[in-house]
file protein.cif (mmCIF, C-alpha atoms)
data_final
#
loop_
_atom_site.group_PDB
_atom_site.id
_atom_site.type_symbol
_atom_site.label_atom_id
_atom_site.label_comp_id
_atom_site.auth_asym_id
_atom_site.auth_seq_id
_atom_site.Cartn_x
_atom_site.Cartn_y
_atom_site.Cartn_z
ATOM 1 C CA MET A 632 -16.246 19.360 11.908
ATOM 2 C CA LYS A 633 -13.932 17.011 9.971
ATOM 3 C CA VAL A 634 -15.164 16.267 6.462
ATOM 4 C CA THR A 635 -15.005 12.550 7.245
ATOM 5 C CA GLU A 636 -17.432 13.122 10.137
ATOM 6 C CA GLN A 637 -19.911 15.319 8.296
ATOM 7 C CA PRO A 638 -23.466 13.979 7.816
ATOM 8 C CA SER A 639 -24.096 11.720 4.854
ATOM 9 C CA ARG A 640 -25.707 13.181 1.771
ATOM 10 C CA TYR A 641 -28.300 10.426 2.090
ATOM 11 C CA SER A 642 -30.965 9.788 4.733
ATOM 12 C CA ASN A 643 -33.585 7.233 5.764
ATOM 13 C CA LEU A 644 -31.174 4.491 4.738
ATOM 14 C CA GLU A 645 -33.022 1.860 6.753
ATOM 15 C CA HIS A 646 -36.076 2.444 4.554
ATOM 16 C CA THR A 647 -34.201 2.477 1.240
ATOM 17 C CA PRO A 648 -34.685 -0.523 -1.119
ATOM 18 C CA THR A 649 -31.608 -2.698 -1.582
ATOM 19 C CA ARG A 650 -31.106 -1.873 -5.269
ATOM 20 C CA LEU A 651 -31.227 1.862 -4.548
ATOM 21 C CA LEU A 652 -28.838 1.471 -1.586
ATOM 22 C CA LEU A 653 -26.301 -0.211 -3.856
ATOM 23 C CA GLU A 654 -26.687 2.374 -6.596
ATOM 24 C CA GLU A 655 -26.181 5.222 -4.139
ATOM 25 C CA ILE A 656 -23.130 3.578 -2.545
ATOM 26 C CA ASN A 657 -21.694 3.066 -6.018
ATOM 27 C CA ARG A 658 -22.409 6.691 -6.895
ATOM 28 C CA GLU A 659 -20.404 7.828 -3.882
ATOM 29 C CA ASP A 660 -17.588 5.373 -4.614
ATOM 30 C CA GLN A 661 -17.139 6.882 -8.065
ATOM 31 C CA ARG A 662 -16.008 10.134 -6.437
ATOM 32 C CA VAL A 663 -12.911 8.441 -5.000
ATOM 33 C CA PRO A 664 -10.699 7.861 -8.072
ATOM 34 C CA ARG A 665 -11.333 11.408 -9.270
ATOM 35 C CA VAL A 666 -10.090 12.771 -5.954
ATOM 36 C CA VAL A 667 -7.101 10.406 -5.920
ATOM 37 C CA ALA A 668 -6.147 11.636 -9.402
ATOM 38 C CA GLY A 669 -5.602 15.074 -7.904
ATOM 39 C CA CYS A 670 -3.098 13.572 -5.447
ATOM 40 C CA ILE A 671 -0.805 12.186 -8.149
ATOM 41 C CA PRO A 672 1.798 15.007 -7.959
ATOM 42 C CA ALA A 673 2.290 14.356 -4.231
ATOM 43 C CA ILE A 674 2.307 10.583 -4.737
ATOM 44 C CA ALA A 675 4.917 10.898 -7.501
ATOM 45 C CA LYS A 676 7.127 13.032 -5.258
ATOM 46 C CA LEU A 677 6.898 10.411 -2.523
ATOM 47 C CA VAL A 678 7.597 7.461 -4.833
ATOM 48 C CA ASP A 679 10.714 9.091 -6.273
ATOM 49 C CA ALA A 680 11.987 9.882 -2.779
ATOM 50 C CA ILE A 681 11.318 6.334 -1.566
ATOM 51 C CA VAL A 682 13.112 4.768 -4.533
ATOM 52 C CA GLU A 683 16.163 6.904 -3.876
ATOM 53 C CA ARG A 684 16.236 5.830 -0.236
ATOM 54 C CA VAL A 685 15.568 2.141 -0.877
ATOM 55 C CA ARG A 686 18.522 2.077 -3.273
ATOM 56 C CA ARG A 687 20.622 3.204 -0.310
ATOM 57 C CA GLY A 688 19.248 0.367 1.816
ATOM 58 C CA GLY A 689 16.187 2.113 3.238
ATOM 59 C CA ARG A 690 12.789 0.617 4.045
ATOM 60 C CA VAL A 691 9.176 1.761 4.038
ATOM 61 C CA PHE A 692 7.084 1.721 7.214
ATOM 62 C CA TYR A 693 3.326 2.111 7.450
ATOM 63 C CA ALA A 694 1.702 3.142 10.724
ATOM 64 C CA GLY A 695 -2.039 3.327 11.271
ATOM 65 C CA SER A 696 -4.984 2.270 13.380
ATOM 66 C CA GLY A 697 -8.275 0.554 12.612
ATOM 67 C CA THR A 698 -9.122 0.329 8.919
ATOM 68 C CA SER A 699 -6.109 2.454 7.966
ATOM 69 C CA GLY A 700 -3.746 0.215 9.905
ATOM 70 C CA ARG A 701 -5.219 -2.937 8.416
ATOM 71 C CA LEU A 702 -4.821 -1.556 4.903
ATOM 72 C CA GLY A 703 -1.156 -0.890 5.640
ATOM 73 C CA VAL A 704 -0.661 -4.440 6.887
ATOM 74 C CA VAL A 705 -2.319 -5.874 3.775
ATOM 75 C CA ASP A 706 -0.232 -3.781 1.392
ATOM 76 C CA ALA A 707 3.066 -4.520 3.132
ATOM 77 C CA SER A 708 2.368 -8.253 3.385
ATOM 78 C CA GLU A 709 1.703 -8.573 -0.341
ATOM 79 C CA ILE A 710 5.025 -7.122 -1.517
ATOM 80 C CA PRO A 711 7.269 -10.201 -0.946
ATOM 81 C CA PRO A 712 5.086 -12.761 -2.773
ATOM 82 C CA THR A 713 4.159 -10.381 -5.577
ATOM 83 C CA TYR A 714 7.595 -8.949 -6.293
ATOM 84 C CA GLY A 715 10.060 -11.270 -4.562
ATOM 85 C CA ALA A 716 11.279 -8.385 -2.393
ATOM 86 C CA ASP A 717 12.708 -8.909 1.073
ATOM 87 C CA SER A 718 10.039 -9.254 3.759
ATOM 88 C CA ASP A 719 11.501 -6.298 5.649
ATOM 89 C CA LEU A 720 11.362 -3.829 2.748
ATOM 90 C CA PHE A 721 7.763 -2.798 3.484
ATOM 91 C CA LEU A 722 6.755 -3.113 7.130
ATOM 92 C CA ALA A 723 3.516 -2.140 8.863
ATOM 93 C CA VAL A 724 2.579 -1.470 12.459
ATOM 94 C CA ILE A 725 -0.984 -1.138 13.694
ATOM 95 C CA ALA A 726 -2.313 0.337 16.912
ATOM 96 C CA GLY A 727 -3.027 -2.524 19.291
ATOM 97 C CA GLY A 728 -0.561 -4.904 17.637
ATOM 98 C CA ASP A 729 -1.227 -7.832 15.336
ATOM 99 C CA GLY A 730 -4.319 -8.793 17.309
ATOM 100 C CA ALA A 731 -5.963 -5.597 16.075
ATOM 101 C CA ILE A 732 -5.831 -6.884 12.514
ATOM 102 C CA ARG A 733 -8.795 -9.164 13.245
ATOM 103 C CA LYS A 734 -10.410 -7.553 16.271
ATOM 104 C CA ALA A 735 -10.601 -3.898 17.237
ATOM 105 C CA VAL A 736 -8.441 -2.926 20.223
ATOM 106 C CA GLU A 737 -10.302 -0.015 21.751
ATOM 107 C CA GLY A 738 -8.236 2.969 22.813
ATOM 108 C CA ALA A 739 -4.993 1.707 21.274
ATOM 109 C CA GLU A 740 -4.890 4.591 18.808
ATOM 110 C CA ASP A 741 -5.000 7.227 21.550
ATOM 111 C CA SER A 742 -1.363 6.848 22.663
ATOM 112 C CA LYS A 743 0.958 9.420 21.102
ATOM 113 C CA ASP A 744 4.054 7.314 21.835
ATOM 114 C CA ALA A 745 2.841 3.813 20.944
ATOM 115 C CA GLY A 746 3.322 4.199 17.188
ATOM 116 C CA TRP A 747 6.987 5.093 17.452
ATOM 117 C CA ASN A 748 7.542 2.482 20.168
ATOM 118 C CA ASP A 749 6.129 -0.151 17.800
ATOM 119 C CA LEU A 750 8.654 0.940 15.155
ATOM 120 C CA LEU A 751 11.710 1.012 17.400
ATOM 121 C CA PRO A 752 12.381 -2.783 17.277
ATOM 122 C CA PHE A 753 13.005 -2.378 13.538
ATOM 123 C CA GLY A 754 15.734 0.214 14.132
ATOM 124 C CA PRO A 755 14.380 3.001 11.925
ATOM 125 C CA GLY A 756 17.024 5.271 10.408
ATOM 126 C CA PRO A 757 17.518 8.241 8.057
ATOM 127 C CA ASP A 758 17.234 6.200 4.853
ATOM 128 C CA ASP A 759 13.822 4.851 5.895
ATOM 129 C CA THR A 760 10.392 6.294 5.124
ATOM 130 C CA LEU A 761 7.374 6.399 7.404
ATOM 131 C CA ILE A 762 3.907 6.759 5.885
ATOM 132 C CA GLY A 763 1.268 7.603 8.471
ATOM 133 C CA LEU A 764 -2.209 6.312 7.592
ATOM 134 C CA SER A 765 -5.035 8.272 9.169
ATOM 135 C CA ALA A 766 -8.338 9.057 7.477
ATOM 136 C CA SER A 767 -9.023 11.734 10.077
ATOM 137 C CA GLY A 768 -5.480 13.114 10.099
ATOM 138 C CA HIS A 769 -5.712 13.457 13.879
ATOM 139 C CA THR A 770 -4.929 9.928 15.188
ATOM 140 C CA PRO A 771 -2.460 10.251 18.121
ATOM 141 C CA TYR A 772 -0.820 6.884 17.336
ATOM 142 C CA VAL A 773 0.030 8.138 13.844
ATOM 143 C CA LEU A 774 0.868 11.722 14.791
ATOM 144 C CA GLY A 775 3.307 10.630 17.468
ATOM 145 C CA ALA A 776 5.023 8.236 15.081
ATOM 146 C CA LEU A 777 5.331 10.963 12.442
ATOM 147 C CA ARG A 778 6.776 13.478 14.904
ATOM 148 C CA HIS A 779 9.330 11.026 16.321
ATOM 149 C CA ALA A 780 10.260 9.856 12.817
ATOM 150 C CA THR A 781 10.817 13.419 11.646
ATOM 151 C CA GLU A 782 13.095 14.052 14.628
ATOM 152 C CA ALA A 783 15.001 10.852 13.808
ATOM 153 C CA GLY A 784 15.617 12.022 10.234
ATOM 154 C CA LEU A 785 13.243 9.696 8.384
ATOM 155 C CA LEU A 786 11.340 10.852 5.337
ATOM 156 C CA THR A 787 7.733 11.190 6.469
ATOM 157 C CA ALA A 788 4.474 11.144 4.541
ATOM 158 C CA CYS A 789 0.824 10.771 5.401
ATOM 159 C CA ILE A 790 -2.371 9.708 3.694
ATOM 160 C CA THR A 791 -5.426 11.477 5.064
ATOM 161 C CA CYS A 792 -8.927 12.366 3.906
ATOM 162 C CA ASN A 793 -9.406 15.716 5.646
ATOM 163 C CA PRO A 794 -7.925 19.100 4.789
ATOM 164 C CA ASP A 795 -5.653 21.070 7.140
ATOM 165 C CA THR A 796 -4.853 18.254 9.553
ATOM 166 C CA PRO A 797 -2.048 17.862 12.096
ATOM 167 C CA ALA A 798 -0.775 14.840 10.127
ATOM 168 C CA ALA A 799 -0.382 16.930 6.978
ATOM 169 C CA GLU A 800 1.407 19.629 8.954
ATOM 170 C CA VAL A 801 3.929 17.173 10.383
ATOM 171 C CA ALA A 802 4.575 15.032 7.288
ATOM 172 C CA THR A 803 7.163 16.114 4.732
ATOM 173 C CA VAL A 804 4.970 14.769 1.918
ATOM 174 C CA PRO A 805 1.270 15.026 2.782
ATOM 175 C CA ILE A 806 -1.179 13.188 0.545
ATOM 176 C CA VAL A 807 -4.649 14.581 1.141
ATOM 177 C CA ALA A 808 -7.617 12.890 -0.556
ATOM 178 C CA VAL A 809 -10.784 14.675 0.536
ATOM 179 C CA VAL A 810 -13.459 12.269 -0.687
ATOM 180 C CA GLY A 811 -16.313 13.903 1.222
ATOM 181 C CA PRO A 812 -18.809 12.646 3.798
ATOM 182 C CA GLU A 813 -19.297 8.905 3.975
ATOM 183 C CA PHE A 814 -22.466 7.161 2.785
ATOM 184 C CA VAL A 815 -23.003 6.053 6.387
ATOM 185 C CA THR A 816 -21.988 9.055 8.458
ATOM 186 C CA GLY A 817 -18.470 8.647 9.850
ATOM 187 C CA SER A 818 -17.891 5.154 8.409
ATOM 188 C CA THR A 819 -14.411 5.811 7.054
ATOM 189 C CA ARG A 820 -13.906 2.186 6.085
ATOM 190 C CA MET A 821 -15.896 3.142 2.993
ATOM 191 C CA LYS A 822 -14.735 5.998 0.715
ATOM 192 C CA ALA A 823 -11.793 7.047 2.892
ATOM 193 C CA GLY A 824 -10.623 3.439 3.127
ATOM 194 C CA THR A 825 -10.993 3.025 -0.626
ATOM 195 C CA ALA A 826 -8.922 6.149 -1.247
ATOM 196 C CA GLU A 827 -6.187 4.932 1.105
ATOM 197 C CA LYS A 828 -6.135 1.523 -0.565
ATOM 198 C CA LEU A 829 -5.860 3.047 -4.045
ATOM 199 C CA ILE A 830 -3.018 5.307 -2.959
ATOM 200 C CA LEU A 831 -1.140 2.496 -1.208
ATOM 201 C CA ASN A 832 -1.455 0.393 -4.371
ATOM 202 C CA MET A 833 -0.032 3.262 -6.398
ATOM 203 C CA ILE A 834 2.891 3.846 -4.040
ATOM 204 C CA SER A 835 4.074 0.264 -3.543
ATOM 205 C CA THR A 836 3.456 -0.822 -7.146
ATOM 206 C CA SER A 837 5.299 2.177 -8.584
ATOM 207 C CA VAL A 838 8.221 1.687 -6.189
ATOM 208 C CA MET A 839 8.537 -1.974 -7.187
ATOM 209 C CA ILE A 840 8.406 -1.110 -10.893
ATOM 210 C CA ARG A 841 11.031 1.606 -10.475
ATOM 211 C CA LEU A 842 13.254 -0.854 -8.606
ATOM 212 C CA GLY A 843 13.159 -3.298 -11.515
ATOM 213 C CA HIS A 844 10.801 -5.998 -10.270
ATOM 214 C CA VAL A 845 8.590 -5.718 -13.355
ATOM 215 C CA HIS A 846 9.686 -6.411 -16.931
ATOM 216 C CA GLY A 847 7.311 -5.070 -19.548
ATOM 217 C CA ASN A 848 4.177 -5.579 -17.495
ATOM 218 C CA ARG A 849 5.084 -8.863 -15.830
ATOM 219 C CA MET A 850 6.052 -9.664 -12.235
ATOM 220 C CA VAL A 851 9.330 -11.394 -13.001
ATOM 221 C CA ASP A 852 10.397 -11.917 -9.370
ATOM 222 C CA MET A 853 7.139 -13.203 -7.871
ATOM 223 C CA GLN A 854 7.378 -16.106 -5.438
ATOM 224 C CA LEU A 855 6.245 -19.468 -6.804
ATOM 225 C CA THR A 856 4.277 -20.446 -3.710
ATOM 226 C CA ASN A 857 1.223 -22.164 -5.213
ATOM 227 C CA ASP A 858 -0.032 -23.797 -8.395
ATOM 228 C CA LYS A 859 -1.736 -20.616 -9.614
ATOM 229 C CA LEU A 860 1.503 -18.633 -9.429
ATOM 230 C CA VAL A 861 3.515 -21.410 -11.058
ATOM 231 C CA GLU A 862 0.980 -21.525 -13.891
ATOM 232 C CA ARG A 863 1.137 -17.748 -14.263
ATOM 233 C CA GLY A 864 4.927 -17.813 -14.170
ATOM 234 C CA ALA A 865 5.111 -20.536 -16.820
ATOM 235 C CA ARG A 866 2.846 -18.474 -19.056
ATOM 236 C CA PHE A 867 5.126 -15.461 -18.561
ATOM 237 C CA VAL A 868 8.146 -17.585 -19.489
ATOM 238 C CA MET A 869 6.414 -18.778 -22.644
ATOM 239 C CA GLU A 870 5.505 -15.231 -23.622
ATOM 240 C CA GLU A 871 9.015 -13.918 -22.965
ATOM 241 C CA THR A 872 10.905 -16.744 -24.670
ATOM 242 C CA GLY A 873 8.571 -17.934 -27.393
ATOM 243 C CA LEU A 874 8.489 -21.444 -25.933
ATOM 244 C CA LYS A 875 5.402 -23.349 -27.090
ATOM 245 C CA ASP A 876 5.753 -26.314 -24.731
ATOM 246 C CA GLU A 877 3.977 -25.455 -21.468
ATOM 247 C CA GLU A 878 5.548 -28.361 -19.579
ATOM 248 C CA ALA A 879 9.031 -27.317 -20.693
ATOM 249 C CA ALA A 880 8.345 -23.752 -19.579
ATOM 250 C CA ARG A 881 7.061 -24.956 -16.227
ATOM 251 C CA ASN A 882 10.099 -27.180 -15.671
ATOM 252 C CA LEU A 883 12.453 -24.371 -16.650
ATOM 253 C CA LEU A 884 10.667 -22.027 -14.269
ATOM 254 C CA LEU A 885 10.744 -24.406 -11.308
ATOM 255 C CA GLU A 886 14.382 -25.234 -11.915
ATOM 256 C CA ALA A 887 15.344 -21.552 -12.156
ATOM 257 C CA GLY A 888 13.160 -20.378 -9.261
ATOM 258 C CA SER A 889 11.831 -17.215 -10.882
ATOM 259 C CA VAL A 890 10.534 -15.895 -14.183
ATOM 260 C CA ARG A 891 13.518 -13.558 -14.451
ATOM 261 C CA GLU A 892 16.077 -16.327 -13.987
ATOM 262 C CA ALA A 893 14.188 -18.765 -16.217
ATOM 263 C CA VAL A 894 14.079 -16.290 -19.105
ATOM 264 C CA GLN A 895 17.739 -15.415 -18.650
ATOM 265 C CA ARG A 896 18.748 -19.086 -18.645
ATOM 266 C CA PHE A 897 16.755 -19.750 -21.796
ATOM 267 C CA LYS A 898 18.339 -16.806 -23.602
ATOM 268 C CA THR A 899 21.826 -17.803 -22.486
ATOM 269 C CA GLN A 900 21.359 -21.451 -23.486
ATOM 270 C CA ASN A 901 19.929 -20.485 -26.859
ATOM 271 C CA ASN A 902 22.218 -17.513 -27.570
ATOM 272 C CA VAL A 903 19.271 -15.131 -27.709
ATOM 273 C CA ASN A 904 20.226 -11.480 -27.672
ATOM 274 C CA GLU A 905 18.173 -8.965 -25.683
#
call {"tool": "encode", "arguments": {"input": "protein.cif", "output": "structure tokens"}}
result
Amino acid sequence: MKVTEQPSRYSNLEHTPTRLLLEEINREDQRVPRVVAGCIPAIAKLVDAIVERVRRGGRVFYAGSGTSGRLGVVDASEIPPTYGADSDLFLAVIAGGDGAIRKAVEGAEDSKDAGWNDLLPFGPGPDDTLIGLSASGHTPYVLGALRHATEAGLLTACITCNPDTPAAEVATVPIVAVVGPEFVTGSTRMKAGTAEKLILNMISTSVMIRLGHVHGNRMVDMQLTNDKLVERGARFVMEETGLKDEEAARNLLLEAGSVREAVQRFKTQNNVNE
């Protein structure tokens, strides 16, 4: 039996007081970051390989179903506004198509060819990377995509929460986070989903830092799409330049279009050396 399908360590949940339910869920959740820490060598290997390929024009694809697929969509969709990267740098496909983001599409994950077929419109090539997202490590949609991608020369990786899975056998860089049985038996949206989310954060954030989209600890290329981000950007400009006038920093930012460009303009105009 897959670890993710093994019986919960807890029982009689329907009779458990709310406070105790929450404490026990939290106790299980605390196992996740410790397990993810053990995956860091594999994650580092993948990040370095992705950076090398992106510098040659490559992209990163996520493929998954259900919770795993939705997590991929969320991570990919947040890269452009957060880091100002092209919208096609991180791309995600999910079994059942975009409609499955909000509503489960039963049976969509059972096709071994659908995952790769969903990727084909993007023209995947040897400089691209495919990361298969499957808590079980057995999802046909993901396995098929990984196999086809390997044959096409892509770098392949997987994130799974079971040991010795077909996904890990197929992927060049397997990331295996065995977080144990779920609090509610088989509910992999819980610990397995948390592990996948943590790992996706680590991958995409590290790639963006390595590619130069962060200066110090600030997102210097973020899109200025709402008042909150403009306010954050103006604060970054003030911190980077020493400007004390918030309105001046805001105007400089909006005129320049990004924190990076605003800081550079200020330094050029004021003959400030790096």
call {"tool": "resolve_selection", "arguments": {"input": "protein.cif", "expression": "the PyMOL selection byres ((chain A and resi 675) around 12)", "output": "PyMOL selection string"}}
result
chain A and resi 668-674+676-682+804-806+830+833-838+841
call {"tool": "atom_distance", "arguments": {"input": "protein.cif", "atom1": "atom CA of A:Val851", "atom2": "atom CA of A:Ala788"}}
result
29.0 Å
call {"tool": "resolve_selection", "arguments": {"input": "protein.cif", "expression": "the PyMOL selection byres ((chain A and resi 762) around 8)", "output": "list in words"}}
result
Val691, Phe692, Tyr693, Ala694, Thr760, Leu761, Gly763, Leu764, Leu777, Thr787, Ala788, Cys789 and Ile790 of chain A
call {"tool": "resolve_selection", "arguments": {"input": "protein.cif", "expression": "the PyMOL selection byres ((chain A and resi 781) around 12)", "output": "PyMOL selection string"}}
result
chain A and resi 747+755-763+774-780+782-788+798+800-804
call {"tool": "write_last_selection", "arguments": {"input": "protein.cif", "atoms": "C-alpha atoms", "output": "short mmCIF file (atom, residue, chain, number, x, y, z; two decimals), keeping the file's coordinate frame"}}
result
data_model
loop_
_atom_site.label_atom_id
_atom_site.label_comp_id
_atom_site.auth_asym_id
_atom_site.auth_seq_id
_atom_site.Cartn_x
_atom_site.Cartn_y
_atom_site.Cartn_z
CA TRP A 747 6.99 5.09 17.45
CA PRO A 755 14.38 3.00 11.92
CA GLY A 756 17.02 5.27 10.41
CA PRO A 757 17.52 8.24 8.06
CA ASP A 758 17.23 6.20 4.85
CA ASP A 759 13.82 4.85 5.90
CA THR A 760 10.39 6.29 5.12
CA LEU A 761 7.37 6.40 7.40
CA ILE A 762 3.91 6.76 5.88
CA GLY A 763 1.27 7.60 8.47
CA LEU A 774 0.87 11.72 14.79
CA GLY A 775 3.31 10.63 17.47
CA ALA A 776 5.02 8.24 15.08
CA LEU A 777 5.33 10.96 12.44
CA ARG A 778 6.78 13.48 14.90
CA HIS A 779 9.33 11.03 16.32
CA ALA A 780 10.26 9.86 12.82
CA GLU A 782 13.10 14.05 14.63
CA ALA A 783 15.00 10.85 13.81
CA GLY A 784 15.62 12.02 10.23
CA LEU A 785 13.24 9.70 8.38
CA LEU A 786 11.34 10.85 5.34
CA THR A 787 7.73 11.19 6.47
CA ALA A 788 4.47 11.14 4.54
CA ALA A 798 -0.78 14.84 10.13
CA GLU A 800 1.41 19.63 8.95
CA VAL A 801 3.93 17.17 10.38
CA ALA A 802 4.58 15.03 7.29
CA THR A 803 7.16 16.11 4.73
CA VAL A 804 4.97 14.77 1.92
#
call {"tool": "residues_around", "arguments": {"input": "protein.cif", "residues": "A:Lys875", "least_positions_apart": "6", "cutoff": "12 Å", "atoms": "all atoms listed in the file", "output": "JSON, numbers by chain"}}
result
{"A": [865, 866, 867, 868, 869, 881]}
call {"tool": "atom_distance", "arguments": {"input": "protein.cif", "atom1": "atom CA of A:Gly888", "atom2": "atom CA of A:Leu855"}}
result
7.4 Å
call {"tool": "residues_near_point", "arguments": {"input": "protein.cif", "point": "(-10.4, 1.6, 8.6)", "cutoff": "9 Å", "atoms": "all atoms listed in the file", "output": "VMD selection string"}}
result
chain A and resid 695 to 702 765 to 766 818 to 821 823 to 824
call {"tool": "closest_residue", "arguments": {"input": "protein.cif", "among": "A:Ala707, A:Val810, A:Met850, A:Met632", "to": "A:Arg863", "atoms": "only C-alpha atoms"}}
result
A:Met850
call {"tool": "atom_distance", "arguments": {"input": "protein.cif", "atom1": "atom CA of A:Gly727", "atom2": "atom CA of A:Pro712"}}
result
25.6 Å
call {"tool": "residues_near_point", "arguments": {"input": "protein.cif", "point": "(-14.5, 11.4, 2.4)", "cutoff": "8 Å", "atoms": "only C-alpha atoms", "output": "MDAnalysis selection string"}}
result
chainID A and resid 634:635 792:793 808:813 819 822:823
call {"tool": "residues_around", "arguments": {"input": "protein.cif", "residues": "A:Tyr641", "least_positions_apart": "4", "cutoff": "12 Å", "atoms": "all atoms listed in the file", "output": "PDB file with C-alpha atoms, keeping the file's coordinate frame"}}
result
ATOM      1  CA  GLN A 637     -19.911  15.319   8.296  1.00  0.00           C
ATOM      2  CA  GLU A 645     -33.022   1.860   6.753  1.00  0.00           C
ATOM      3  CA  HIS A 646     -36.076   2.444   4.554  1.00  0.00           C
ATOM      4  CA  THR A 647     -34.201   2.477   1.240  1.00  0.00           C
ATOM      5  CA  LEU A 651     -31.227   1.862  -4.548  1.00  0.00           C
ATOM      6  CA  LEU A 652     -28.838   1.471  -1.586  1.00  0.00           C
ATOM      7  CA  GLU A 654     -26.687   2.374  -6.596  1.00  0.00           C
ATOM      8  CA  GLU A 655     -26.181   5.222  -4.139  1.00  0.00           C
ATOM      9  CA  ILE A 656     -23.130   3.578  -2.545  1.00  0.00           C
ATOM     10  CA  ARG A 658     -22.409   6.691  -6.895  1.00  0.00           C
ATOM     11  CA  GLU A 659     -20.404   7.828  -3.882  1.00  0.00           C
ATOM     12  CA  PRO A 812     -18.809  12.646   3.798  1.00  0.00           C
ATOM     13  CA  GLU A 813     -19.297   8.905   3.975  1.00  0.00           C
ATOM     14  CA  PHE A 814     -22.466   7.161   2.785  1.00  0.00           C
ATOM     15  CA  VAL A 815     -23.003   6.053   6.387  1.00  0.00           C
ATOM     16  CA  THR A 816     -21.988   9.055   8.458  1.00  0.00           C
TER      17      THR A 816
END
call {"tool": "residues_around", "arguments": {"input": "protein.cif", "residues": "A:Leu720", "least_positions_apart": "3", "cutoff": "7 Å", "atoms": "only C-alpha atoms", "output": "PyMOL selection string"}}
result
chain A and resi 690-691+716-717
call {"tool": "closest_residue", "arguments": {"input": "protein.cif", "among": "A:Val894, A:Leu750, A:Ala826, A:Ala739", "to": "A:Leu722", "atoms": "only C-alpha atoms"}}
result
A:Leu750
call {"tool": "axis_aligned_box", "arguments": {"input": "protein.cif", "around": "stretch 828-845 of chain A", "padding_each_side": "3 Å", "output": "lines of an AutoDock Vina configuration file"}}
result
center_x = 3.6
center_y = -0.3
center_z = -7.0
size_x = 25.4
size_y = 17.3
size_z = 18.8
call {"tool": "closest_residue", "arguments": {"input": "protein.cif", "among": "A:Ala745, A:Val773, A:Val705, A:Leu751", "to": "A:Ile732", "atoms": "all atoms listed in the file"}}
result
A:Val705
call {"tool": "closest_residue", "arguments": {"input": "protein.cif", "among": "A:Ala731, A:Ala723, A:Val736, A:Lys828", "to": "A:Asp749", "atoms": "all atoms listed in the file"}}
result
A:Ala723
call {"tool": "decode", "arguments": {"input": "protein.cif", "residues": "stretch 782-818 of chain A", "atoms": "C-alpha atoms", "output": "PDB file, in the first residue's frame"}}
result
ATOM      1  CA  GLU A 782      12.068  10.888 -25.145  1.00  0.00           C
ATOM      2  CA  ALA A 783      11.914  14.455 -26.485  1.00  0.00           C
ATOM      3  CA  GLY A 784      15.108  15.392 -24.632  1.00  0.00           C
ATOM      4  CA  LEU A 785      13.638  17.596 -21.903  1.00  0.00           C
ATOM      5  CA  LEU A 786      15.071  17.617 -18.412  1.00  0.00           C
ATOM      6  CA  THR A 787      12.511  15.824 -16.260  1.00  0.00           C
ATOM      7  CA  ALA A 788      11.829  15.937 -12.536  1.00  0.00           C
ATOM      8  CA  CYS A 789       9.025  14.857 -10.263  1.00  0.00           C
ATOM      9  CA  ILE A 790       7.689  15.723  -6.840  1.00  0.00           C
ATOM     10  CA  THR A 791       6.072  12.771  -5.104  1.00  0.00           C
ATOM     11  CA  CYS A 792       5.287  11.668  -1.561  1.00  0.00           C
ATOM     12  CA  ASN A 793       5.764   7.905  -1.883  1.00  0.00           C
ATOM     13  CA  PRO A 794       8.976   5.905  -2.129  1.00  0.00           C
ATOM     14  CA  ASP A 795       9.884   3.724  -5.126  1.00  0.00           C
ATOM     15  CA  THR A 796       7.314   5.099  -7.554  1.00  0.00           C
ATOM     16  CA  PRO A 797       7.120   4.930 -11.351  1.00  0.00           C
ATOM     17  CA  ALA A 798       7.413   8.741 -11.471  1.00  0.00           C
ATOM     18  CA  ALA A 799      10.720   8.646  -9.602  1.00  0.00           C
ATOM     19  CA  GLU A 800      11.983   5.914 -11.910  1.00  0.00           C
ATOM     20  CA  VAL A 801      11.193   7.928 -15.032  1.00  0.00           C
ATOM     21  CA  ALA A 802      12.306  11.391 -13.870  1.00  0.00           C
ATOM     22  CA  THR A 803      15.943  12.429 -14.191  1.00  0.00           C
ATOM     23  CA  VAL A 804      15.705  14.337 -10.899  1.00  0.00           C
ATOM     24  CA  PRO A 805      13.212  12.717  -8.518  1.00  0.00           C
ATOM     25  CA  ILE A 806      12.206  14.686  -5.438  1.00  0.00           C
ATOM     26  CA  VAL A 807      10.628  12.314  -2.943  1.00  0.00           C
ATOM     27  CA  ALA A 808       9.072  13.759   0.226  1.00  0.00           C
ATOM     28  CA  VAL A 809       7.574  10.900   2.223  1.00  0.00           C
ATOM     29  CA  VAL A 810       5.502  12.785   4.791  1.00  0.00           C
ATOM     30  CA  GLY A 811       3.593   9.736   6.023  1.00  0.00           C
ATOM     31  CA  PRO A 812      -0.098   8.858   6.240  1.00  0.00           C
ATOM     32  CA  GLU A 813      -2.522  11.752   6.090  1.00  0.00           C
ATOM     33  CA  PHE A 814      -4.533  12.940   9.098  1.00  0.00           C
ATOM     34  CA  VAL A 815      -7.666  11.959   7.172  1.00  0.00           C
ATOM     35  CA  THR A 816      -6.736   8.722   5.443  1.00  0.00           C
ATOM     36  CA  GLY A 817      -5.823   9.317   1.797  1.00  0.00           C
ATOM     37  CA  SER A 818      -6.507  13.078   1.840  1.00  0.00           C
TER      38      SER A 818
END
